[in-house]
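Asker: What follows is data.txt, compact mmCIF, C-alpha atoms and all ligand atoms.
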# COMPACT_ATOMS: atom_id res chain seq x y z
CA MET A 29 0.00 0.00 0.00
CA THR A 30 1.41 3.40 -0.92
CA GLU A 31 1.68 5.87 1.90
CA ALA A 32 -0.48 9.00 1.50
CA VAL A 33 1.66 12.11 0.95
CA LYS A 34 1.30 14.48 3.89
CA THR A 35 0.12 17.92 2.86
CA LEU A 36 0.58 21.17 4.75
CA LYS A 37 -1.49 24.32 4.59
CA VAL A 38 0.35 27.59 4.04
CA THR A 39 -0.98 31.09 3.47
CA ILE A 40 1.13 33.54 1.49
CA ASP A 41 -0.13 37.10 1.08
CA ASN A 42 -3.61 35.91 2.15
CA ILE A 43 -3.73 33.12 -0.43
CA THR A 44 -3.95 29.62 1.05
CA ILE A 45 -2.57 26.56 -0.67
CA ASP A 46 -1.92 22.90 0.25
CA VAL A 47 1.61 21.76 -0.48
CA PRO A 48 3.46 18.47 0.06
CA ALA A 49 5.61 18.23 3.20
CA GLY A 50 9.18 19.35 2.46
CA THR A 51 8.13 22.24 0.22
CA THR A 52 9.90 25.54 0.86
CA VAL A 53 8.07 28.84 1.15
CA LEU A 54 9.54 29.97 -2.18
CA GLN A 55 8.38 26.79 -3.94
CA ALA A 56 4.90 27.22 -2.41
CA ALA A 57 4.82 30.84 -3.63
CA ARG A 58 5.78 29.64 -7.13
CA MET A 59 2.87 27.16 -7.00
CA ILE A 60 0.55 30.11 -6.36
CA GLY A 61 2.32 32.20 -8.97
CA GLY A 62 1.89 35.85 -9.87
CA ASP A 63 3.02 38.69 -7.66
CA VAL A 64 3.37 36.72 -4.42
CA VAL A 65 6.53 35.04 -5.73
CA PRO A 66 9.66 36.57 -4.14
CA PRO A 67 12.61 37.29 -6.44
CA ALA A 68 15.44 34.74 -6.29
CA MET A 69 18.96 35.62 -7.38
CA CYS A 70 20.79 32.55 -6.05
CA TYR A 71 18.19 29.77 -5.66
CA TYR A 72 17.91 27.55 -8.75
CA SER A 73 15.48 24.66 -8.54
CA LYS A 74 17.63 22.50 -10.83
CA LEU A 75 20.78 22.86 -8.75
CA GLN A 76 21.08 20.95 -5.50
CA GLY A 77 22.20 23.04 -2.56
CA SER A 78 21.48 26.39 -4.23
CA GLY A 79 19.88 29.24 -2.31
CA GLY A 80 20.57 31.03 0.95
CA LYS A 81 23.23 33.37 -0.42
CA CYS A 82 21.65 36.52 -1.80
CA ARG A 83 18.76 37.34 0.61
CA THR A 84 16.55 38.80 -2.12
CA CYS A 85 13.86 36.20 -1.34
CA LEU A 86 13.34 37.39 2.26
CA VAL A 87 9.78 37.10 3.57
CA GLU A 88 8.01 37.75 6.87
CA VAL A 89 6.55 34.75 8.70
CA SER A 90 3.67 36.26 10.69
CA LYS A 91 2.51 32.89 12.06
CA GLY A 92 4.98 30.05 12.51
CA SER A 93 2.52 27.15 12.37
CA GLU A 94 -0.76 25.87 13.79
CA ALA A 95 1.12 24.17 16.63
CA ASP A 96 3.30 27.20 17.43
CA PRO A 97 1.65 30.34 16.06
CA ARG A 98 4.36 32.75 17.24
CA PRO A 99 5.69 34.92 14.41
CA MET A 100 9.35 34.51 13.44
CA PRO A 101 11.22 37.53 14.85
CA LYS A 102 13.42 38.07 11.79
CA LEU A 103 12.71 37.96 8.10
CA VAL A 104 13.65 34.58 6.64
CA ALA A 105 15.05 33.42 3.30
CA SER A 106 12.02 31.82 1.64
CA CYS A 107 14.22 29.55 -0.52
CA ARG A 108 15.64 27.91 2.61
CA THR A 109 12.60 27.91 4.91
CA GLY A 110 10.36 24.86 4.90
CA VAL A 111 6.59 25.24 5.08
CA MET A 112 4.94 24.28 8.41
CA ASP A 113 1.28 23.39 8.68
CA GLY A 114 -0.80 26.54 9.22
CA MET A 115 2.12 28.89 8.47
CA GLU A 116 1.26 32.43 7.39
CA VAL A 117 3.73 34.37 5.26
CA LYS A 118 3.80 37.93 4.00
CA ASN A 119 5.72 38.96 0.93
CA MET A 120 4.29 41.88 -1.01
CA THR A 121 1.88 42.67 1.85
CA SER A 122 4.76 43.36 4.27
CA ASN A 123 6.41 46.77 4.56
CA ARG A 124 9.34 45.17 6.38
CA VAL A 125 9.99 42.93 3.40
CA GLY A 126 9.84 45.86 0.98
CA ASP A 127 12.35 47.82 3.10
CA ALA A 128 14.67 44.84 3.51
CA ARG A 129 14.60 44.05 -0.19
CA ASN A 130 15.50 47.67 -1.00
CA GLY A 131 18.44 47.29 1.38
CA VAL A 132 19.54 43.99 -0.17
CA VAL A 133 19.47 45.51 -3.65
CA GLU A 134 21.49 48.48 -2.40
CA PHE A 135 24.07 46.04 -1.00
CA LEU A 136 24.19 44.01 -4.21
CA LEU A 137 24.81 47.19 -6.15
CA LEU A 138 27.50 48.58 -3.78
CA ASN A 139 30.33 47.23 -5.84
CA HIS A 140 28.46 46.38 -8.99
CA PRO A 141 29.54 48.56 -11.91
CA LEU A 142 26.74 50.44 -13.60
CA ASP A 143 27.87 49.34 -17.03
CA CYS A 144 24.53 48.08 -18.33
CA PRO A 145 25.00 50.12 -21.54
CA VAL A 146 27.98 47.95 -22.51
CA CYS A 147 27.08 44.71 -20.70
CA ASP A 148 25.97 41.74 -22.81
CA GLN A 149 23.51 40.70 -20.08
CA ALA A 150 21.56 43.97 -20.33
CA GLY A 151 17.95 43.29 -21.20
CA GLU A 152 17.91 39.87 -19.55
CA CYS A 153 19.68 40.67 -16.29
CA HIS A 154 17.83 39.83 -13.09
CA LEU A 155 19.79 42.43 -11.12
CA GLN A 156 18.82 45.06 -13.66
CA ASP A 157 15.15 44.14 -13.12
CA LEU A 158 15.55 44.15 -9.34
CA GLY A 159 17.37 47.48 -9.44
CA TYR A 160 14.51 48.88 -11.47
CA GLU A 161 11.93 47.67 -8.94
CA HIS A 162 13.79 48.26 -5.68
CA GLY A 163 16.84 50.35 -6.43
CA LYS A 164 17.66 53.89 -5.51
CA GLN A 165 18.60 56.51 -8.05
CA GLY A 166 21.84 57.39 -6.33
CA THR A 167 24.33 55.55 -4.16
CA ARG A 168 25.33 56.26 -0.56
CA TYR A 169 28.60 54.41 -1.01
CA GLU A 170 31.61 56.71 -0.79
CA PHE A 171 34.47 54.28 -1.23
CA LYS A 172 36.30 52.96 -4.23
CA ARG A 173 34.51 50.06 -5.83
CA ARG A 174 36.12 46.64 -5.62
CA THR A 175 38.38 45.64 -8.49
CA PHE A 176 40.00 42.31 -9.32
CA GLU A 177 42.84 40.95 -11.34
CA LYS A 178 41.60 39.66 -14.65
CA HIS A 179 41.33 35.88 -15.12
CA ASP A 180 41.19 34.31 -18.53
CA LEU A 181 38.68 31.44 -18.48
CA GLY A 182 39.45 30.22 -21.99
CA PRO A 183 37.91 30.54 -25.43
CA TYR A 184 34.24 30.31 -24.51
CA ILE A 185 33.50 32.18 -21.31
CA GLN A 186 34.27 35.75 -20.35
CA LEU A 187 34.47 36.60 -16.65
CA HIS A 188 33.70 40.10 -15.35
CA MET A 189 34.30 39.59 -11.67
CA THR A 190 33.19 43.09 -10.69
CA ARG A 191 29.66 42.16 -11.77
CA CYS A 192 29.51 38.90 -9.78
CA ILE A 193 27.11 38.75 -6.83
CA LEU A 194 28.63 35.51 -5.45
CA CYS A 195 25.44 33.51 -5.83
CA TYR A 196 27.39 30.22 -6.31
CA ARG A 197 25.10 29.05 -9.12
CA CYS A 198 28.01 28.62 -11.56
CA VAL A 199 29.95 26.63 -8.98
CA PHE A 200 27.03 24.23 -8.41
CA THR A 201 26.53 23.95 -12.17
CA ALA A 202 30.16 23.02 -12.77
CA ASP A 203 30.04 20.60 -9.84
CA GLN A 204 26.83 18.86 -10.79
CA LEU A 205 26.98 18.92 -14.59
CA THR A 206 30.57 18.62 -15.71
CA GLU A 207 33.13 15.90 -15.16
CA LYS A 208 35.63 18.04 -13.36
CA ARG A 209 35.07 21.40 -11.76
CA VAL A 210 38.05 23.71 -12.17
CA HIS A 211 36.65 26.95 -10.80
CA GLY A 212 35.20 28.06 -7.51
CA ILE A 213 35.00 30.99 -5.14
CA LEU A 214 38.39 31.78 -3.70
CA SER A 215 39.05 33.92 -0.61
CA ARG A 216 36.45 35.31 1.71
CA GLY A 217 34.49 38.47 2.41
CA ASP A 218 35.36 41.47 0.30
CA HIS A 219 38.11 39.51 -1.46
CA ALA A 220 35.92 36.58 -2.49
CA GLU A 221 36.13 35.99 -6.21
CA ILE A 222 35.38 33.49 -8.95
CA ALA A 223 38.66 32.05 -10.14
CA THR A 224 40.45 28.91 -11.21
CA TYR A 225 43.44 29.50 -8.89
CA ILE A 226 46.03 28.33 -11.40
CA GLU A 227 44.89 29.84 -14.70
CA LYS A 228 42.82 27.21 -16.41
CA SER A 229 40.19 27.46 -19.07
CA LEU A 230 36.63 26.45 -18.43
CA ASP A 231 36.12 24.11 -21.35
CA ASN A 232 34.52 20.95 -19.96
CA ASN A 233 31.54 19.83 -21.96
CA PHE A 234 28.35 21.39 -20.51
CA ILE A 235 30.34 24.17 -18.79
CA GLY A 236 28.63 26.69 -21.09
CA ASN A 237 25.56 26.36 -18.89
CA VAL A 238 27.25 28.60 -16.31
CA ILE A 239 26.50 31.47 -18.70
CA ASP A 240 22.78 30.72 -18.60
CA VAL A 241 22.55 30.33 -14.82
CA CYS A 242 24.52 33.48 -14.00
CA PRO A 243 21.85 36.01 -12.95
CA VAL A 244 24.08 38.96 -13.89
CA GLY A 245 26.64 39.66 -16.61
CA ALA A 246 29.60 38.15 -14.73
CA LEU A 247 29.85 35.15 -17.06
CA THR A 248 29.06 35.85 -20.70
CA ASP A 249 29.46 34.05 -24.00
CA LYS A 250 32.72 35.03 -25.76
CA THR A 251 31.29 33.93 -29.10
CA PHE A 252 28.47 36.49 -28.72
CA ARG A 253 30.40 39.21 -26.91
CA PHE A 254 29.59 42.75 -28.11
CA LYS A 255 28.02 41.34 -31.28
CA ASN A 256 24.60 42.81 -30.67
CA ARG A 257 22.13 44.03 -28.08
CA VAL A 258 19.81 41.25 -27.05
CA TRP A 259 16.68 43.26 -27.83
CA PHE A 260 17.70 43.58 -31.45
CA THR A 261 17.91 39.82 -31.81
CA LYS A 262 15.03 37.45 -32.38
CA PRO A 263 14.68 34.33 -30.19
CA VAL A 264 13.73 31.24 -32.18
CA LEU A 265 13.16 27.70 -30.87
CA ALA A 266 15.25 25.10 -32.70
CA HIS A 267 16.65 21.61 -32.23
CA ARG A 268 19.18 19.22 -33.73
CA ASN A 269 20.18 15.63 -33.26
CA CYS A 270 22.90 15.83 -30.66
CA SER A 271 24.68 12.82 -29.21
CA CYS A 272 25.27 14.33 -25.77
CA CYS A 273 22.34 16.64 -24.96
CA SER A 274 18.69 17.05 -25.91
CA GLY A 275 19.71 19.50 -28.66
CA LYS A 276 16.70 21.72 -27.81
CA VAL A 277 17.81 25.34 -27.79
CA THR A 278 16.88 28.94 -28.39
CA LEU A 279 18.67 30.60 -31.30
CA TRP A 280 19.07 34.36 -31.11
CA GLN A 281 19.03 35.56 -34.68
CA ARG A 282 19.49 38.79 -36.53
CA GLY A 283 18.07 38.18 -39.97
CA GLU A 284 19.36 34.77 -41.03
CA GLU A 285 22.48 35.04 -38.88
CA VAL A 286 22.64 33.02 -35.64
CA LEU A 287 24.38 35.31 -33.14
CA ARG A 288 23.94 33.23 -30.01
CA VAL A 289 22.67 29.85 -28.86
CA THR A 290 21.26 29.38 -25.35
CA ALA A 291 19.27 26.77 -23.46
CA ARG A 292 15.52 27.33 -23.27
CA LYS A 293 14.32 28.95 -20.09
CA ASP A 294 11.11 28.60 -18.09
CA GLN A 295 8.95 31.29 -16.53
CA TRP A 296 11.36 31.63 -13.56
CA GLY A 297 14.27 32.26 -15.91
CA GLU A 298 15.68 28.78 -15.22
CA VAL A 299 17.13 26.48 -17.86
CA GLU A 300 14.64 23.80 -18.95
CA GLU A 301 17.23 21.35 -20.32
CA TRP A 302 20.99 21.74 -20.10
CA ILE A 303 22.78 21.92 -23.44
CA CYS A 304 26.31 20.86 -24.42
CA ASN A 305 29.17 23.09 -25.54
CA GLU A 306 28.98 21.91 -29.14
CA CYS A 307 25.36 23.03 -29.51
CA ARG A 308 26.03 26.31 -27.71
CA PHE A 309 29.35 27.42 -29.18
CA GLU A 310 29.95 25.52 -32.41
CA LYS A 311 26.65 25.45 -34.24
CA LYS A 312 26.19 29.00 -35.45
CA LYS A 313 24.61 28.37 -38.83
CA THR A 314 20.85 28.29 -39.39
CA SER A 315 21.38 25.18 -41.52
CA ASP A 316 22.73 23.34 -38.43
CA TRP A 317 19.26 23.52 -36.87
CA ILE A 318 15.68 22.45 -37.43
CA ILE A 319 13.71 25.60 -36.73
CA GLU A 320 10.50 25.17 -34.72
CA GLY A 321 9.29 28.77 -34.72
CA ALA A 322 9.46 32.00 -32.77
CA ALA A 323 10.19 31.55 -29.06
CA PRO A 324 7.51 32.83 -26.69
CA VAL A 325 8.77 35.84 -24.78
CA ASN A 326 6.84 36.32 -21.58
CA ARG A 327 9.34 37.91 -19.27
CA HIS A 328 9.01 41.61 -18.61
CA SER A 329 12.00 42.68 -20.53
CA VAL A 330 13.06 44.80 -23.41
CA ILE A 331 13.26 41.62 -25.47
CA SER A 332 9.47 41.52 -25.58
CA GLN A 333 9.46 45.00 -27.09
CA GLY A 334 10.27 43.48 -30.47
CA HIS A 335 6.62 42.47 -31.07
CA TYR A 336 7.48 38.93 -31.89
CA GLU A 337 5.01 36.33 -32.93
CA HIS A 338 3.58 34.45 -29.94
CA THR A 339 4.48 37.20 -27.47
CA ILE A 340 2.26 36.46 -24.50
CA LYS A 341 0.30 39.56 -23.70
CA PRO A 342 -1.66 39.83 -20.43
CA ALA A 343 -5.38 39.21 -20.85
CA GLU A 344 -7.71 42.13 -20.35
CA THR A 345 -9.40 40.88 -17.19
CA PHE A 346 -7.79 40.77 -13.75
CA SER A 347 -8.69 37.18 -13.01
CA ALA A 348 -7.19 35.96 -16.26
CA VAL A 349 -4.00 37.86 -15.50
CA MET A 350 -3.85 36.64 -11.89
CA ASP A 351 -4.58 32.94 -12.34
CA GLY A 352 -8.22 33.21 -11.31
CA ARG A 353 -7.51 35.42 -8.30
CA ASN A 354 -8.66 38.97 -7.74
CA PRO A 355 -6.23 41.76 -6.89
CA GLN A 356 -5.76 42.40 -3.20
CA LEU A 357 -5.45 46.14 -3.61
CA LEU A 358 -7.74 47.73 -6.12
CA MET A 359 -8.78 51.35 -6.37
CA ASP A 360 -11.76 52.29 -8.45
CA ILE A 361 -10.63 55.36 -10.37
CA HIS A 362 -14.21 56.69 -10.31
CA THR A 363 -14.08 57.15 -6.55
CA VAL A 364 -11.41 59.83 -6.92
CA SER A 365 -11.91 61.20 -10.41
CA GLU A 366 -14.77 62.40 -12.51
CA VAL A 367 -12.97 61.62 -15.70
CA ASN A 368 -14.53 58.74 -17.65
CA ASP A 369 -17.87 58.90 -15.89
CA PRO A 370 -19.24 55.33 -16.17
CA ALA A 371 -22.72 56.82 -16.75
CA ILE A 372 -21.54 57.96 -20.17
CA ASP A 373 -21.54 55.30 -22.82
CA LEU A 374 -18.90 56.60 -25.20
CA SER A 375 -20.11 54.40 -28.02
CA GLN A 376 -23.39 56.30 -27.93
CA VAL A 377 -21.79 59.74 -28.15
CA ASN A 378 -22.05 61.46 -31.48
CA GLY A 379 -18.67 62.89 -32.42
CA PRO A 380 -15.70 63.38 -30.10
CA ALA A 381 -16.19 63.19 -26.31
CA THR A 382 -15.25 66.58 -24.87
CA SER A 383 -15.24 68.05 -21.36
CA ALA A 384 -18.55 69.74 -22.17
CA LEU A 385 -20.19 66.30 -22.23
CA TYR A 386 -18.96 65.52 -18.72
CA ALA A 387 -19.95 68.95 -17.45
CA LYS A 388 -23.47 68.27 -18.71
CA THR A 389 -23.75 64.96 -16.84
CA ASP A 390 -22.35 66.61 -13.69
CA LYS A 391 -25.23 69.02 -13.72
CA LYS A 392 -27.67 66.18 -14.22
CA HIS A 393 -26.40 64.34 -11.11
S1 LIG A 401 29.79 34.40 -11.74
FE1 LIG A 401 27.56 34.60 -11.92
S2 LIG A 401 26.77 32.56 -11.42
FE2 LIG A 401 28.90 32.62 -10.70
S3 LIG A 401 28.75 33.25 -8.53
FE3 LIG A 401 29.07 35.12 -9.75
S4 LIG A 401 26.98 35.90 -10.16
FE4 LIG A 401 26.78 33.76 -9.51
S1 LIG A 402 17.14 33.19 -3.50
FE1 LIG A 402 16.90 32.86 -1.37
S2 LIG A 402 18.71 33.68 -0.52
FE2 LIG A 402 18.98 33.91 -2.67
Go ahead and render the structure in this file as structure tokens.
Answerer:
Amino acid sequence: MTEAVKTLKVTIDNITIDVPAGTTVLQAARMIGGDVVPPAMCYYSKLQGSGGKCRTCLVEVSKGSEADPRPMPKLVASCRTGVMDGMEVKNMTSNRVGDARNGVVEFLLLNHPLDCPVCDQAGECHLQDLGYEHGKQGTRYEFKRRTFEKHDLGPYIQLHMTRCILCYRCVFTADQLTEKRVHGILSRGDHAEIATYIEKSLDNNFIGNVIDVCPVGALTDKTFRFKNRVWFTKPVLAHRNCSCCSGKVTLWQRGEEVLRVTARKDQWGEVEEWICNECRFEKKKTSDWIIEGAAPVNRHSVISQGHYEHTIKPAETFSAVMDGRNPQLLMDIHTVSEVNDPAIDLSQVNGPATSALYAKTDKKH
């Protein structure tokens, strides 16, 4: 007889869901989806041991569990906190979380160069998105930004250490995907850096995946470097018969030219299937691939500005946009403004709608 899986009830931002025991708060939030999902710069569901490094996923636990309802005194990392039965969590409904996240982003940007205009990751950088949502316009930091000696990681991968946020994703990727990891994080604290210690190139098969998992522009593709801005390229799904990986990729094209090959990513920006170095770096001709069609672009990013086929646009109604839920905060514009009086059916108005029309209905009321 199979044992029934134990489920736990958790409420995140007033939305309750049943999840299997062992689920983390972040995973539970992803099951709910939408705006209750905290950002995650270091957690990566496909990499064992990831998470707990960046603190962007902090949430407030306002009720520990049914058995012990005391709130947790400090904000916790949702990617590392397991759900307890009856737990209540606040993410976007907590001012403390908003303040803390602003602080975390300020810390992440302390030493990060503001070189988005020349960075290949611009347009698909998670730190850029976070900075846009939580960042300050100026910096309070008065000291010299950290600099590092340059390390050459070989023919495929370019390292810009000043952009690294030490999330460890690339280390886990090299550890879990390739035959022999030759890089890691050396030194501690302010001196911590990605390096190979004795100069070595990162050229194991599958090592190219570190480029896809890096949430910032610290590891970029040398074969694509400075070739184009990502929003000028067109993502196309394609595959080929490959002997060592699934061969399912996204080609980034400009006209017929293939400028870059990456793995396909899911809605959380995580790689769906890892791809090998040959597919990523060596197959740069359209004729190498069987084209499936335009890739769906559903991330809020400048890439979606290109009006590609299959771009997923939000539906018109709230519930369709929010997976059947209604917004928690909603202001009816008519309670504060007389513009667009709902009593006026614009389709019935002869000619242009002018202020005179609204003035007339005001008098009527
Ligand atoms: S290089 Fe990128 S993936 Fe590696 S630790 Fe730094 S930010 Fe993370
Ligand atoms: S995603 Fe949770 S600490 Fe980084």
Asker: If the limit is 12 Å from any atom of ligand LIG 402 (chain A), counting only C-alpha atoms and all ligand atoms, which residues qualify? Return them as a count of residues only.
Answerer: 43
Asker: At a cut-off of 8 Å and counting only C-alpha atoms and all ligand atoms, what residues surround ligand LIG 401 (chain A)? Please answer as a PyMOL selection string.
Answerer: chain A and resi 70+187-189+191-199+213+221-222+238-239+241-247
Asker: Within 9 Å of A:Leu181, counting only C-alpha atoms, which residues qualify if same-chain residues fewer than 3 places away don't, as a list in words?
Answerer: Tyr184, Ile185, Gln186, Leu187, Ala223, Thr224, Glu227, Lys228, Ser229, Leu230 and Asp231 of chain A
Asker: Per residue of stretch 174-250 of chain A within 12 Å of stretch 254-257 of chain A, which atom pair is closest and at what distance in Å (one decimal), using all atoms listed in the file, listed by chain and increasing number, as JSON lines?
Answerer:
{"residue": "A:Gln186", "atom": "CA", "partner": "A:Phe254", "partner_atom": "CA", "distance": 11.5}
{"residue": "A:Thr248", "atom": "CA", "partner": "A:Phe254", "partner_atom": "CA", "distance": 10.1}
{"residue": "A:Asp249", "atom": "CA", "partner": "A:Phe254", "partner_atom": "CA", "distance": 9.6}
{"residue": "A:Lys250", "atom": "CA", "partner": "A:Phe254", "partner_atom": "CA", "distance": 8.7}
Asker: Would you mind listing, for every residue of stretch 290-318 of chain A within 7 Å of stretch 267-272 of chain A, the two atoms forming the shortest contact and the distance between them in Å to one decimal, using only C-alpha atoms, sorted by chain and ascending residue number, as JSON lines?
Answerer:
{"residue": "A:Cys304", "atom": "CA", "partner": "A:Cys272", "partner_atom": "CA", "distance": 6.7}
{"residue": "A:Trp317", "atom": "CA", "partner": "A:Arg268", "partner_atom": "CA", "distance": 5.3}
{"residue": "A:Ile318", "atom": "CA", "partner": "A:His267", "partner_atom": "CA", "distance": 5.4}
Asker: First collect every listed atom of stretch 302-307 of chain A; then fit an axis-aligned box around them, widen it by 4 Å on each side, and give centre and edge lengths in Å to one decimal, as AutoDock Vina command-line options.
Answerer:
--center_x 25.1 --center_y 22.0 --center_z -24.8 --size_x 16.2 --size_y 10.2 --size_z 17.4
Asker: Can you pull out every residue within 10 Å of stretch 167-169 of chain A, counting all atoms listed in the file, but drop anything in the same chain fewer than 2 positions away, and send it as a PyMOL selection string?
Answerer: chain A and resi 134-135+137-139+163-165+171-173
Asker: Near A:Asp113, within 7 Å and counting only C-alpha atoms, which residues show up once chain neighbours fewer than 5 positions away are dropped, as an MDAnalysis selection string?
Answerer: chainID A and resid 36:38 93:94
Asker: How many Å separate atom CA of A:Cys147 from atom CA of A:Thr251?
Answerer: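 If I compute the distance from atom CA of A:Cys147 to atom CA of A:Thr251, I get 14.3 Å.
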Asker: So how many Å separate atom CA of A:Asp316 and atom CA of A:Asn237, to one decimal?
Answerer: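 Going from atom CA of A:Asp316 over to atom CA of A:Asn237 covers 20.0 Å.
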Asker: Measure the distance from atom CA of A:Arg282 to atom CA of A:Glu300 in Å and round it to one decimal.
Answerer: 23.6 Å
Asker: Which residues are near A:Thr261? Cut-off 9 Å, all atoms listed in the file, ignore same chain within fewer than 3 positions. Put them as a compact mmCIF listing (two decimals) with C-alpha atoms, in the coordinates of the input.
Answerer:
# COMPACT_ATOMS: atom_id res chain seq x y z
CA ASN A 256 24.60 42.81 -30.67
CA ARG A 257 22.13 44.03 -28.08
CA VAL A 258 19.81 41.25 -27.05
CA TRP A 280 19.07 34.36 -31.11
CA GLN A 281 19.03 35.56 -34.68
CA ARG A 282 19.49 38.79 -36.53
CA GLY A 283 18.07 38.18 -39.97
CA LEU A 287 24.38 35.31 -33.14
CA ILE A 331 13.26 41.62 -25.47
CA GLY A 334 10.27 43.48 -30.47
Asker: Go through A:Val47, A:Leu265, A:Val64, A:Ala32 and flag the residue nearest A:Val286, using all atoms listed in the file for the distances.
Answerer: A:Leu265
Asker: With a distance cut-off of 9 Å and all atoms listed in the file, select the neighbouring residues of A:Gly50, excluding the residue or stretch itself and same-chain residues fewer than 4 positions from it, and output the selection as number ranges by chain.
Answerer: A: 110-112
Asker: Given all atoms listed in the file as the basis, pick out the residue of A:Ala266, A:Ala56, A:Ile226, A:Cys144 nearest to A:Ala322.
Answerer: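 Among the listed residues, the smallest separation from A:Ala322 belongs to A:Ala266.
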Asker: Select, from A:Lys313, A:His140, A:Lys178, A:Arg353, the residue with the minimum atom-to-atom distance to A:Gly61, counting only C-alpha atoms.
Answerer: A:Arg353
Asker: For A:Val289, which residue among A:Lys276, A:Arg174, A:Arg308, A:His219 is the nearest when counting all atoms listed in the file?
Answerer: A:Arg308
Asker: When you count all atoms listed in the file, which of these residues is closest to A:Arg288: A:Asp351, A:Glu170, A:Glu310, A:Glu88?
Answerer: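 Answer, going by the shortest atom-to-atom distance: A:Glu310.
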